[in-house]
Amino acid sequence: MSTKAESAELILKLYDLRREETMRQARVWFYRFTPESVQDIFNVMTSAAHTTGW
């Protein structure tokens with residue numbers, strides 16, 4: 001079980017990660033990604049684009 005201080009530190013680290021440029025780009029991409037079929041999802045998963053890392 002973690003202490004309150006450890007929990008607070010973890011929360012601060014997570015907030016810090018959210019501000020990173022890559023995380024912001026990933027968030028925007030997920031927001032805009034609107035697949036209309038399973039094939040759309042499959043195409044993204046199998047592409048060589050950097051978005052497959054998100």
# chains A, B, ... in the order shown; residues from 1 in each chain; ligands from 1
>>> residues_around(residues="range 20-25 of chain A", least_positions_apart="5", cutoff="10 Å", atoms="only C-alpha atoms", output="PyMOL selection string")
chain A and resi 15+30-31+51+54
>>> select_by_dssp(residues="chain A", states="alpha helix (DSSP H)", output="number ranges by chain")
A: 4-18, 21-32, 38-46
>>> write_last_selection(atoms="C-alpha atoms", output="PDB file, in the first residue's frame")
ATOM      1  CA  LYS A   4      -0.383   9.601   0.647  1.00  0.00           C
ATOM      2  CA  ALA A   5       2.900  11.253  -0.275  1.00  0.00           C
ATOM      3  CA  GLU A   6       3.711   8.511  -2.798  1.00  0.00           C
ATOM      4  CA  SER A   7       0.224   8.761  -4.278  1.00  0.00           C
ATOM      5  CA  ALA A   8       0.533  12.525  -4.597  1.00  0.00           C
ATOM      6  CA  GLU A   9       3.939  12.170  -6.251  1.00  0.00           C
ATOM      7  CA  LEU A  10       2.538   9.700  -8.769  1.00  0.00           C
ATOM      8  CA  ILE A  11      -0.352  12.017  -9.614  1.00  0.00           C
ATOM      9  CA  LEU A  12       2.078  14.882 -10.186  1.00  0.00           C
ATOM     10  CA  LYS A  13       4.192  12.707 -12.486  1.00  0.00           C
ATOM     11  CA  LEU A  14       1.101  11.742 -14.488  1.00  0.00           C
ATOM     12  CA  TYR A  15       0.110  15.389 -14.873  1.00  0.00           C
ATOM     13  CA  ASP A  16       3.656  16.115 -16.004  1.00  0.00           C
ATOM     14  CA  LEU A  17       3.422  13.425 -18.686  1.00  0.00           C
ATOM     15  CA  ARG A  18       0.170  14.894 -19.994  1.00  0.00           C
ATOM     16  CA  GLU A  21       4.200  17.239 -26.820  1.00  0.00           C
ATOM     17  CA  THR A  22       3.933  13.597 -27.901  1.00  0.00           C
ATOM     18  CA  MET A  23       1.138  12.983 -25.433  1.00  0.00           C
ATOM     19  CA  ARG A  24      -0.710  16.044 -26.689  1.00  0.00           C
ATOM     20  CA  GLN A  25      -0.395  14.873 -30.275  1.00  0.00           C
ATOM     21  CA  ALA A  26      -1.642  11.410 -29.334  1.00  0.00           C
ATOM     22  CA  ARG A  27      -4.640  12.864 -27.515  1.00  0.00           C
ATOM     23  CA  VAL A  28      -5.594  14.959 -30.542  1.00  0.00           C
ATOM     24  CA  TRP A  29      -5.182  11.968 -32.860  1.00  0.00           C
ATOM     25  CA  PHE A  30      -7.421   9.763 -30.691  1.00  0.00           C
ATOM     26  CA  TYR A  31     -10.010  12.514 -30.495  1.00  0.00           C
ATOM     27  CA  ARG A  32     -10.100  12.859 -34.287  1.00  0.00           C
ATOM     28  CA  VAL A  38     -13.058  -2.793 -38.277  1.00  0.00           C
ATOM     29  CA  GLN A  39     -10.996  -2.454 -41.433  1.00  0.00           C
ATOM     30  CA  ASP A  40     -10.238   1.180 -40.547  1.00  0.00           C
ATOM     31  CA  ILE A  41      -8.848   0.058 -37.196  1.00  0.00           C
ATOM     32  CA  PHE A  42      -6.905  -2.776 -38.795  1.00  0.00           C
ATOM     33  CA  ASN A  43      -5.386  -0.366 -41.318  1.00  0.00           C
ATOM     34  CA  VAL A  44      -4.109   1.866 -38.529  1.00  0.00           C
ATOM     35  CA  MET A  45      -2.755  -1.066 -36.521  1.00  0.00           C
ATOM     36  CA  THR A  46      -0.807  -2.461 -39.465  1.00  0.00           C
TER      37      THR A  46
END
